[in-house]
>>> print(open('entry.pdb').read())   # PDB, C-alpha atoms and all ligand atoms
ATOM      1  CA  ARG K   1     -13.012  -3.322   3.970
ATOM      2  CA  PHE K   2      -9.674  -3.635   5.732
ATOM      3  CA  GLN K   3      -8.374  -5.589   2.758
ATOM      4  CA  VAL K   4      -9.609  -3.011   0.283
ATOM      5  CA  LEU K   5      -7.941  -0.243   2.274
ATOM      6  CA  SER K   6      -4.769  -2.276   2.770
ATOM      7  CA  ARG K   7      -4.308  -2.423  -0.978
ATOM      8  CA  GLN K   8      -3.814   1.329  -0.882
ATOM      9  CA  ALA K   9      -0.792   0.887   1.389
ATOM     10  CA  GLY K  10       1.484   2.153  -1.357
ATOM     11  CA  LEU K  11      -0.394   5.429  -1.725
ATOM     12  CA  PRO K  12       1.007   8.439   0.104
ATOM     13  CA  ALA K  13      -0.919   9.933   3.040
ATOM     14  CA  VAL K  14      -1.605  13.291   1.389
ATOM     15  CA  THR K  15      -4.631  15.523   1.938
ATOM     16  CA  LEU K  16      -6.788  16.711  -0.975
ATOM     17  CA  ASP K  17      -4.931  20.027  -0.905
ATOM     18  CA  GLY K  18      -1.499  18.429  -0.905
ATOM     19  CA  THR K  19      -0.342  18.315   2.717
ATOM     20  CA  ARG K  20       1.777  15.246   3.325
ATOM     21  CA  VAL K  21       1.422  13.362   6.592
ATOM     22  CA  GLU K  22       3.969  10.816   7.772
ATOM     23  CA  LEU K  23       2.324   7.653   9.045
ATOM     24  CA  TRP K  24       4.502   5.400  11.188
ATOM     25  CA  GLY K  25       3.873   2.159  13.055
ATOM     26  CA  ASN K  26       4.006   1.302  16.763
ATOM     27  CA  ILE K  27       5.552  -2.054  17.652
ATOM     28  CA  GLU K  28       6.267  -4.173  20.681
ATOM     29  CA  PHE K  29       7.943  -7.140  18.994
ATOM     30  CA  ALA K  30      10.363  -7.407  16.078
ATOM     31  CA  ALA K  31       7.891  -9.540  14.131
ATOM     32  CA  GLU K  32       5.508  -6.589  13.877
ATOM     33  CA  VAL K  33       7.830  -4.704  11.535
ATOM     34  CA  ASP K  34       6.500  -6.800   8.637
ATOM     35  CA  ALA K  35       2.946  -5.599   9.285
ATOM     36  CA  CYS K  36       4.183  -1.988   9.437
ATOM     37  CA  LEU K  37       5.921  -2.294   6.097
ATOM     38  CA  SER K  38       3.152  -4.156   4.287
ATOM     39  CA  LEU K  39       0.625  -1.569   5.480
ATOM     40  CA  GLY K  40       2.768   1.292   4.238
ATOM     41  CA  ALA K  41       4.393   2.719   7.383
ATOM     42  CA  ALA K  42       7.244   5.093   6.576
ATOM     43  CA  GLY K  43       9.044   4.044   9.756
ATOM     44  CA  VAL K  44       8.518   2.901  13.322
ATOM     45  CA  GLY K  45       7.481   5.786  15.561
ATOM     46  CA  LEU K  46       7.410   3.824  18.799
ATOM     47  CA  TYR K  47       9.222   0.629  19.689
ATOM     48  CA  ARG K  48       8.160  -0.232  23.252
ATOM     49  CA  THR K  49      11.199  -2.057  24.630
ATOM     50  CA  GLU K  50       9.659  -3.067  27.953
ATOM     51  CA  PHE K  51       8.392  -6.274  26.373
ATOM     52  CA  LEU K  52      11.979  -7.511  26.205
ATOM     53  CA  PHE K  53      12.045  -7.142  29.957
ATOM     54  CA  LEU K  54       8.636  -8.632  30.663
ATOM     55  CA  THR K  55       9.103 -11.808  28.680
ATOM     56  CA  ALA K  56      12.345 -12.893  30.401
ATOM     57  CA  GLU K  57      13.183 -14.263  33.832
ATOM     58  CA  SER K  58      15.988 -11.753  34.316
ATOM     59  CA  PRO K  59      16.659  -8.368  32.673
ATOM     60  CA  PRO K  60      18.029  -8.820  29.156
ATOM     61  CA  THR K  61      21.785  -8.320  28.880
ATOM     62  CA  GLU K  62      23.322  -5.564  26.742
ATOM     63  CA  GLU K  63      24.076  -8.162  24.087
ATOM     64  CA  GLN K  64      20.542  -9.563  24.059
ATOM     65  CA  GLN K  65      19.125  -6.056  23.762
ATOM     66  CA  TYR K  66      21.566  -5.116  21.018
ATOM     67  CA  GLU K  67      20.577  -8.220  19.028
ATOM     68  CA  ALA K  68      16.875  -7.467  19.463
ATOM     69  CA  TYR K  69      17.258  -3.848  18.326
ATOM     70  CA  ALA K  70      19.573  -4.821  15.478
ATOM     71  CA  ALA K  71      17.020  -7.298  14.096
ATOM     72  CA  VAL K  72      14.320  -4.629  13.977
ATOM     73  CA  ILE K  73      16.661  -2.036  12.464
ATOM     74  CA  ARG K  74      17.827  -4.449   9.765
ATOM     75  CA  SER K  75      14.315  -5.330   8.709
ATOM     76  CA  LEU K  76      13.489  -1.629   8.373
ATOM     77  CA  GLN K  77      16.143  -1.247   5.665
ATOM     78  CA  GLY K  78      17.108   2.320   6.409
ATOM     79  CA  ARG K  79      13.691   3.591   7.453
ATOM     80  CA  PRO K  80      13.661   5.535  10.721
ATOM     81  CA  ILE K  81      12.854   3.964  14.068
ATOM     82  CA  VAL K  82      12.178   5.583  17.426
ATOM     83  CA  ILE K  83      13.225   3.249  20.221
ATOM     84  CA  ARG K  84      11.811   4.075  23.621
ATOM     85  CA  THR K  85      13.793   3.286  26.759
ATOM     86  CA  LEU K  86      12.275   1.090  29.438
ATOM     87  CA  ASP K  87       8.816   2.370  30.342
ATOM     88  CA  LEU K  88       8.023   0.247  33.388
ATOM     89  CA  GLY K  89       7.300   0.794  37.024
ATOM     90  CA  ALA K  90       8.981  -0.855  39.972
ATOM     91  CA  ASP K  91       5.833  -2.927  40.359
ATOM     92  CA  LYS K  92       6.527  -4.842  37.148
ATOM     93  CA  LEU K  93      10.220  -5.410  37.866
ATOM     94  CA  GLU K  94       9.589  -6.819  41.299
ATOM     95  CA  ARG K  95      10.151 -10.430  40.371
ATOM     96  CA  TYR K  96      13.800  -9.961  39.532
ATOM     97  CA  ARG K  97      14.825  -6.915  41.490
ATOM     98  CA  ALA K  98      14.966  -7.243  45.225
ATOM     99  CA  SER K  99      15.228  -3.461  45.520
ATOM    100  CA  ALA K 100      11.871  -2.989  43.827
ATOM    101  CA  HIS K 101       9.080  -2.256  46.210
ATOM    102  CA  ARG K 102       5.347  -2.068  46.229
ATOM    103  CA  GLU K 103       3.901   1.367  45.707
ATOM    104  CA  ALA K 104       0.489   2.688  46.633
ATOM    105  CA  ASN K 105       0.266   4.600  43.325
ATOM    106  CA  PRO K 106       2.459   2.928  40.695
ATOM    107  CA  PHE K 107       1.271   5.315  37.952
ATOM    108  CA  LEU K 108       2.721   8.144  40.030
ATOM    109  CA  GLY K 109       5.689   6.151  41.243
ATOM    110  CA  LEU K 110       9.217   5.131  40.425
ATOM    111  CA  ARG K 111       8.775   4.320  36.760
ATOM    112  CA  SER K 112       9.966   5.006  33.221
ATOM    113  CA  ILE K 113      12.662   7.699  33.047
ATOM    114  CA  ARG K 114      12.646   7.960  36.834
ATOM    115  CA  LEU K 115      13.720   4.342  37.065
ATOM    116  CA  THR K 116      16.264   4.823  34.263
ATOM    117  CA  LEU K 117      17.885   7.666  36.209
ATOM    118  CA  ARG K 118      17.744   5.970  39.612
ATOM    119  CA  ASP K 119      18.979   2.569  38.564
ATOM    120  CA  PRO K 120      22.037   2.806  36.291
ATOM    121  CA  GLU K 121      22.643  -0.927  36.635
ATOM    122  CA  LEU K 122      19.330  -1.475  34.897
ATOM    123  CA  SER K 123      19.625   1.345  32.380
ATOM    124  CA  ARG K 124      23.309   1.253  31.409
ATOM    125  CA  PRO K 125      23.065  -1.982  29.376
ATOM    126  CA  GLN K 126      20.071  -0.549  27.516
ATOM    127  CA  LEU K 127      21.700   2.801  26.746
ATOM    128  CA  ARG K 128      24.862   1.073  25.557
ATOM    129  CA  ALA K 129      22.841  -1.341  23.399
ATOM    130  CA  LEU K 130      20.901   1.577  21.904
ATOM    131  CA  LEU K 131      24.024   3.571  21.030
ATOM    132  CA  ARG K 132      25.558   0.496  19.419
ATOM    133  CA  ALA K 133      22.351  -0.215  17.496
ATOM    134  CA  ALA K 134      22.219   3.429  16.385
ATOM    135  CA  ALA K 135      25.277   2.753  14.229
ATOM    136  CA  LEU K 136      23.170   0.321  12.154
ATOM    137  CA  GLY K 137      20.441   2.614  10.855
ATOM    138  CA  ASP K 138      18.273   5.685  11.392
ATOM    139  CA  VAL K 139      17.750   5.212  15.136
ATOM    140  CA  ARG K 140      16.251   7.825  17.427
ATOM    141  CA  ILE K 141      16.191   7.370  21.187
ATOM    142  CA  MET K 142      13.176   8.413  23.218
ATOM    143  CA  PHE K 143      12.674   8.749  26.969
ATOM    144  CA  PRO K 144       9.181   8.168  28.415
ATOM    145  CA  LEU K 145       7.306   9.990  31.167
ATOM    146  CA  VAL K 146       9.580  13.002  31.276
ATOM    147  CA  SER K 147       8.175  15.717  33.547
ATOM    148  CA  THR K 148      11.067  18.161  33.935
ATOM    149  CA  ILE K 149      14.012  19.647  32.090
ATOM    150  CA  THR K 150      16.345  18.251  34.746
ATOM    151  CA  GLU K 151      15.300  14.701  33.914
ATOM    152  CA  ILE K 152      16.140  14.978  30.238
ATOM    153  CA  ARG K 153      19.457  16.675  31.015
ATOM    154  CA  ARG K 154      20.355  13.835  33.354
ATOM    155  CA  ALA K 155      19.244  11.231  30.825
ATOM    156  CA  ARG K 156      21.458  12.849  28.204
ATOM    157  CA  ALA K 157      24.336  12.797  30.672
ATOM    158  CA  LEU K 158      23.812   9.059  31.194
ATOM    159  CA  LEU K 159      23.842   8.567  27.427
ATOM    160  CA  GLY K 160      27.107  10.522  27.314
ATOM    161  CA  GLU K 161      28.625   8.270  29.973
ATOM    162  CA  ALA K 162      27.502   5.187  28.050
ATOM    163  CA  ALA K 163      29.112   6.591  24.898
ATOM    164  CA  ALA K 164      32.357   7.338  26.728
ATOM    165  CA  GLY K 165      32.451   3.768  28.037
ATOM    166  CA  LEU K 166      31.939   2.317  24.562
ATOM    167  CA  ALA K 167      34.586   4.605  23.085
ATOM    168  CA  ALA K 168      37.101   3.587  25.745
ATOM    169  CA  GLU K 169      36.430  -0.070  24.919
ATOM    170  CA  GLY K 170      36.747   0.504  21.185
ATOM    171  CA  VAL K 171      33.220  -0.764  20.496
ATOM    172  CA  ALA K 172      31.390   0.552  17.404
ATOM    173  CA  PHE K 173      28.531   2.953  18.190
ATOM    174  CA  ARG K 174      26.913   6.228  17.191
ATOM    175  CA  GLY K 175      27.428   8.877  19.832
ATOM    176  CA  ASP K 176      24.951  11.502  18.668
ATOM    177  CA  PRO K 177      21.668   9.892  17.634
ATOM    178  CA  PRO K 178      18.598  12.142  17.799
ATOM    179  CA  VAL K 179      17.181  12.152  21.323
ATOM    180  CA  GLY K 180      13.556  12.924  22.094
ATOM    181  CA  VAL K 181      10.991  12.779  24.833
ATOM    182  CA  MET K 182       7.472  11.574  25.138
ATOM    183  CA  VAL K 183       5.205  14.398  26.147
ATOM    184  CA  GLU K 184       2.668  12.548  28.228
ATOM    185  CA  VAL K 185       2.729  14.368  31.564
ATOM    186  CA  PRO K 186       0.948  17.747  31.724
ATOM    187  CA  ALA K 187       4.044  19.289  33.336
ATOM    188  CA  ALA K 188       6.070  18.473  30.225
ATOM    189  CA  ALA K 189       3.416  19.932  27.941
ATOM    190  CA  LEU K 190       3.363  23.128  30.005
ATOM    191  CA  VAL K 191       7.129  23.613  29.717
ATOM    192  CA  ALA K 192       7.342  22.298  26.155
ATOM    193  CA  ASP K 193       8.971  25.570  25.037
ATOM    194  CA  HIS K 194      11.891  24.907  27.387
ATOM    195  CA  LEU K 195      12.007  21.183  26.656
ATOM    196  CA  ALA K 196      12.153  21.886  22.926
ATOM    197  CA  LYS K 197      15.596  23.435  23.441
ATOM    198  CA  GLU K 198      16.934  20.225  24.975
ATOM    199  CA  VAL K 199      15.714  17.583  22.530
ATOM    200  CA  ASP K 200      15.515  16.738  18.857
ATOM    201  CA  PHE K 201      11.869  15.683  18.822
ATOM    202  CA  PHE K 202       8.667  15.291  20.785
ATOM    203  CA  SER K 203       6.233  12.428  20.629
ATOM    204  CA  ILE K 204       2.921  13.077  22.337
ATOM    205  CA  GLY K 205       1.758  10.072  24.337
ATOM    206  CA  THR K 206      -1.930  10.771  24.506
ATOM    207  CA  ASN K 207      -2.753   7.590  26.442
ATOM    208  CA  ASP K 208      -0.929   8.891  29.482
ATOM    209  CA  LEU K 209      -1.505  12.569  28.740
ATOM    210  CA  VAL K 210      -5.267  12.015  28.999
ATOM    211  CA  GLN K 211      -4.820   9.964  32.172
ATOM    212  CA  TYR K 212      -2.644  12.508  33.952
ATOM    213  CA  THR K 213      -4.451  15.606  32.727
ATOM    214  CA  LEU K 214      -7.886  14.397  33.784
ATOM    215  CA  ALA K 215      -6.652  12.372  36.777
ATOM    216  CA  VAL K 216      -8.437   9.315  35.381
ATOM    217  CA  ASP K 217      -6.699   5.931  35.667
ATOM    218  CA  ARG K 218      -6.423   4.694  32.074
ATOM    219  CA  THR K 219      -6.961   1.090  33.209
ATOM    220  CA  ASN K 220     -10.059   1.690  35.333
ATOM    221  CA  GLU K 221     -13.074   0.570  33.336
ATOM    222  CA  ALA K 222     -15.468   2.133  35.816
ATOM    223  CA  LEU K 223     -14.107   5.542  34.769
ATOM    224  CA  ALA K 224     -13.995   4.914  31.022
ATOM    225  CA  ASP K 225     -16.635   7.581  30.407
ATOM    226  CA  LEU K 226     -14.408  10.196  32.051
ATOM    227  CA  TYR K 227     -11.335   9.240  30.023
ATOM    228  CA  SER K 228     -11.749  11.541  27.043
ATOM    229  CA  PRO K 229      -9.087  12.557  24.514
ATOM    230  CA  ALA K 230     -11.605  15.151  23.284
ATOM    231  CA  ASP K 231     -11.501  17.045  26.562
ATOM    232  CA  PRO K 232     -10.692  20.732  26.012
ATOM    233  CA  ALA K 233      -7.895  20.556  28.606
ATOM    234  CA  VAL K 234      -6.181  17.759  26.665
ATOM    235  CA  LEU K 235      -6.606  19.593  23.366
ATOM    236  CA  ARG K 236      -5.083  22.755  24.787
ATOM    237  CA  LEU K 237      -2.024  20.855  25.963
ATOM    238  CA  ILE K 238      -1.579  19.189  22.574
ATOM    239  CA  GLU K 239      -1.907  22.519  20.792
ATOM    240  CA  ARG K 240       0.692  24.005  23.114
ATOM    241  CA  VAL K 241       3.175  21.199  22.433
ATOM    242  CA  VAL K 242       2.732  21.489  18.670
ATOM    243  CA  ARG K 243       3.330  25.254  18.859
ATOM    244  CA  ALA K 244       6.437  24.849  21.011
ATOM    245  CA  ALA K 245       7.875  22.296  18.583
ATOM    246  CA  ALA K 246       7.123  24.507  15.577
ATOM    247  CA  ALA K 247       8.681  27.558  17.235
ATOM    248  CA  ARG K 248      11.889  25.617  17.726
ATOM    249  CA  GLY K 249      11.699  23.712  14.432
ATOM    250  CA  ILE K 250      11.774  20.249  15.976
ATOM    251  CA  ASP K 251       9.662  17.241  14.954
ATOM    252  CA  VAL K 252       6.504  16.421  16.839
ATOM    253  CA  SER K 253       4.360  13.344  16.447
ATOM    254  CA  VAL K 254       1.510  11.657  18.249
ATOM    255  CA  CYS K 255       2.090   8.020  19.181
ATOM    256  CA  GLY K 256      -0.815   7.478  21.580
ATOM    257  CA  ALA K 257      -4.094   5.858  20.545
ATOM    258  CA  MET K 258      -5.546   9.222  19.528
ATOM    259  CA  GLY K 259      -3.284   9.327  16.463
ATOM    260  CA  GLY K 260      -4.582   6.000  15.157
ATOM    261  CA  ASP K 261      -8.246   6.889  15.594
ATOM    262  CA  PRO K 262      -9.726   8.348  12.378
ATOM    263  CA  LEU K 263     -11.943  10.605  14.455
ATOM    264  CA  TYR K 264      -8.998  12.304  16.121
ATOM    265  CA  ALA K 265      -6.604  12.044  13.195
ATOM    266  CA  MET K 266      -8.600  14.788  11.458
ATOM    267  CA  LEU K 267      -8.418  16.994  14.516
ATOM    268  CA  LEU K 268      -4.693  16.391  15.014
ATOM    269  CA  LEU K 269      -4.038  17.279  11.393
ATOM    270  CA  GLY K 270      -5.965  20.496  11.962
ATOM    271  CA  LEU K 271      -3.893  21.241  15.054
ATOM    272  CA  GLY K 272      -0.787  21.119  12.861
ATOM    273  CA  LEU K 273       0.473  17.575  13.341
ATOM    274  CA  ARG K 274       2.154  16.111  10.260
ATOM    275  CA  HIS K 275       3.321  12.928  11.818
ATOM    276  CA  LEU K 276       1.264  10.148  13.444
ATOM    277  CA  SER K 277       2.384   6.765  14.752
ATOM    278  CA  MET K 278      -0.065   3.947  15.448
ATOM    279  CA  PRO K 279      -0.517   0.187  15.661
ATOM    280  CA  PRO K 280      -0.022  -1.049  12.071
ATOM    281  CA  HIS K 281      -3.593  -2.298  11.577
ATOM    282  CA  GLN K 282      -4.852   1.283  11.971
ATOM    283  CA  LEU K 283      -2.698   2.671   9.170
ATOM    284  CA  PRO K 284      -5.127   1.945   6.283
ATOM    285  CA  GLU K 285      -8.104   3.685   7.874
ATOM    286  CA  VAL K 286      -6.129   6.751   8.938
ATOM    287  CA  ARG K 287      -4.518   6.975   5.496
ATOM    288  CA  ARG K 288      -7.997   6.958   3.965
ATOM    289  CA  VAL K 289      -9.182   9.776   6.223
ATOM    290  CA  ILE K 290      -6.125  11.908   5.432
ATOM    291  CA  ARG K 291      -6.576  11.332   1.708
ATOM    292  CA  GLY K 292     -10.247  12.301   1.973
ATOM    293  CA  ILE K 293      -9.983  15.719   3.589
ATOM    294  CA  ARG K 294      -8.506  19.120   2.927
ATOM    295  CA  ASP K 295      -5.896  20.436   5.314
ATOM    296  CA  ASP K 296      -7.605  23.823   5.525
ATOM    297  CA  ASP K 297     -10.914  22.141   6.400
ATOM    298  CA  ALA K 298      -9.113  20.207   9.139
ATOM    299  CA  ALA K 299      -7.671  23.476  10.453
ATOM    300  CA  ALA K 300     -11.146  25.036  10.502
ATOM    301  CA  LEU K 301     -12.466  21.955  12.288
ATOM    302  CA  ALA K 302      -9.707  22.222  14.894
ATOM    303  CA  ALA K 303     -10.434  25.922  15.428
ATOM    304  CA  GLU K 304     -14.092  25.098  15.962
ATOM    305  CA  ALA K 305     -13.230  22.273  18.388
ATOM    306  CA  MET K 306     -10.800  24.465  20.345
ATOM    307  CA  ALA K 307     -13.580  26.947  21.065
ATOM    308  CA  MET K 308     -15.820  24.279  22.624
ATOM    309  CA  GLU K 309     -16.278  23.831  26.332
ATOM    310  CA  THR K 310     -16.952  20.122  26.752
ATOM    311  CA  ALA K 311     -15.574  16.813  25.505
ATOM    312  CA  ALA K 312     -19.085  15.775  24.474
ATOM    313  CA  GLU K 313     -19.456  18.755  22.125
ATOM    314  CA  VAL K 314     -16.052  18.137  20.585
ATOM    315  CA  ALA K 315     -16.770  14.419  20.108
ATOM    316  CA  ALA K 316     -20.143  15.171  18.491
ATOM    317  CA  LEU K 317     -18.525  17.655  16.113
ATOM    318  CA  LEU K 318     -15.823  15.171  15.097
ATOM    319  CA  GLU K 319     -18.307  12.357  14.564
ATOM    320  CA  ARG K 320     -20.482  14.549  12.371
ATOM    321  CA  ARG K 321     -17.509  15.700  10.312
ATOM    322  CA  LEU K 322     -16.108  12.191   9.916
ATOM    323  CA  ARG K 323     -19.464  10.925   8.625
ATOM    324  CA  GLU K 324     -19.507  13.730   6.036
ATOM    325  CA  ALA K 325     -15.920  13.067   5.004
ATOM    326  CA  LEU K 326     -16.273   9.305   4.424
TER     327      LEU K 326
HETATM  328  C1  LIG T 401       1.076   6.875  25.563
HETATM  329  O1  LIG T 401       1.141   7.026  26.778
HETATM  330  O2  LIG T 401       0.282   7.485  24.836
HETATM  331  C2  LIG T 401       1.963   5.926  24.867
HETATM  332  C3  LIG T 401       2.048   5.887  23.557
HETATM  333  O3  LIG T 401       2.687   5.078  25.625
HETATM  334  P1  LIG T 401       2.103   3.835  26.428
HETATM  335  O4  LIG T 401       0.726   3.553  25.900
HETATM  336  O5  LIG T 401       3.082   2.735  26.184
HETATM  337  O6  LIG T 401       2.110   4.338  27.840
HETATM  338 MG    MG T 402       2.768   6.328  28.001
END
>>> encode(input="entry.pdb", output="structure tokens")
Amino acid sequence: RFQVLSRQAGLPAVTLDGTRVELWGNIEFAAEVDACLSLGAAGVGLYRTEFLFLTAESPPTEEQQYEAYAAVIRSLQGRPIVIRTLDLGADKLERYRASAHREANPFLGLRSIRLTLRDPELSRPQLRALLRAAALGDVRIMFPLVSTITEIRRARALLGEAAAGLAAEGVAFRGDPPVGVMVEVPAAALVADHLAKEVDFFSIGTNDLVQYTLAVDRTNEALADLYSPADPAVLRLIERVVRAAAARGIDVSVCGAMGGDPLYAMLLLGLGLRHLSMPPHQLPEVRRVIRGIRDDDAAALAAEAMAMETAAEVAALLERRLREAL
């Protein structure tokens, strides 16, 4: 079945009534670009760079990072790529940073953009490497776990400092690549209208958005039944982010697991999303779902779901509708 669907990789992801949806791939390693391209991804919507840091004994140098990004950009041959800055907590950097410390709640701790802002020694080589790599293709830079406007302003200032340093040294770089944020903390979703003025795009990280909205540890198997992307609170936040992006005319995508799940892809389409990024192996199935439904039916489905009071009702509705559609 996967093979049959994979053969349709060249077909556009267009609904029966002509709405085009951009399907992009999520990657962790350069080698995964091939899978994205062969399965028809129009670009890479999430390149998780923390793997460069986790697979080495010491943090990768600017040069090593530049080479890694350049390889991915080259193999994309002009297609867009969203590169996410380091999305790790102090817990994971412990082995090579004496300053790192144990935290009682790493998911609520010094991580992601917080670490980027606090530790310029760690982040400067990455920001410089990203600006240099941005001169090689359609590169967009994304900051994870943003909660406040102040954080993104400070991150942009750091990017500006990195650019000034490169300019002073006469190194080739692009100074004004698109800059976006992951919306994956409820606080960011709630102020999305303000955030939209500061950035070029949003990417909704539903894995963390579900975790933080419902206060359910995404890694705790004992709570798996409580971890529900269909929860009305999560859906309201997503709807709010999509509206804020539309009002400002900036791009918004979903790069969390919800976007790659056929069940939720229908709902997200109905909520107005036109751009989903997912692990490459999920592209064929999601493409099939998009090609099998009407956009106005998806919108009606979303309206129905948004009026429901429990995750269980929403999930049952989506399952019923998916069975009818396939
Ligand atoms: C997310 O949180 O939804 C996401 C895409 O990022 P990660 O899974 O890497 O936290
Ligand atoms: Mg996340």
>>> closest_residue(input="entry.pdb", among="K:Leu190, K:Leu269, K:Leu52, K:Leu127", to="Ala162 in chain K", atoms="only C-alpha atoms")
K:Leu127
>>> residues_near_ligand(input="entry.pdb", ligand="ligand MG 402 (chain T)", cutoff="10 Å", atoms="all atoms listed in the file", output="ChimeraX atom specification")
/K:48,87-88,112,144-145,182-185,204-211,255-256
>>> atom_distance(input="entry.pdb", atom1="CA of Val146 in chain K", atom2="CA of Ala189 in chain K")
9.9 Å
>>> resolve_selection(input="entry.pdb", expression="the PyMOL selection byres (((chain K and resi 303) around 12) and not hetatm)", output="PyMOL selection string")
chain K and resi 232+235-236+239+266-272+296-302+304-308+314+317
>>> residues_near_point(input="entry.pdb", point="(26.0, 8.3, 27.0)", cutoff="10 Å", atoms="all atoms listed in the file", output="PyMOL selection string")
chain K and resi 124+127-128+130-131+155-166+175-176
>>> closest_residue(input="entry.pdb", among="K:Glu103, K:Asp217, K:Asp200, K:Glu313", to="ligand LIG 401 (chain T)", atoms="all atoms listed in the file")
K:Asp217
>>> closest_residue(input="entry.pdb", among="K:Phe201, K:Phe2, K:Phe29, K:Tyr47", to="ligand LIG 401 (chain T)", atoms="only C-alpha atoms and all ligand atoms")
K:Tyr47
>>> residues_around(input="entry.pdb", residues="range 281-285 of chain K", least_positions_apart="5", cutoff="7 Å", atoms="all atoms listed in the file", output="compact mmCIF listing (two decimals) with C-alpha atoms, keeping the file's coordinate frame")
# COMPACT_ATOMS: atom_id res chain seq x y z
CA LEU K 5 -7.94 -0.24 2.27
CA SER K 6 -4.77 -2.28 2.77
CA ALA K 9 -0.79 0.89 1.39
CA LEU K 39 0.62 -1.57 5.48
CA GLY K 260 -4.58 6.00 15.16
CA PRO K 262 -9.73 8.35 12.38
>>> residues_near_point(input="entry.pdb", point="(-7.3, 11.0, 32.2)", cutoff="12 Å", atoms="all atoms listed in the file", output="JSON, numbers by chain")
{"K": [107, 184, 185, 186, 206, 207, 208, 209, 210, 211, 212, 213, 214, 215, 216, 217, 218, 219, 220, 221, 223, 224, 225, 226, 227, 228, 229, 230, 231, 233, 234]}
>>> atom_distance(input="entry.pdb", atom1="CA of Asp193 in chain K", atom2="CA of Gly43 in chain K")
26.4 Å
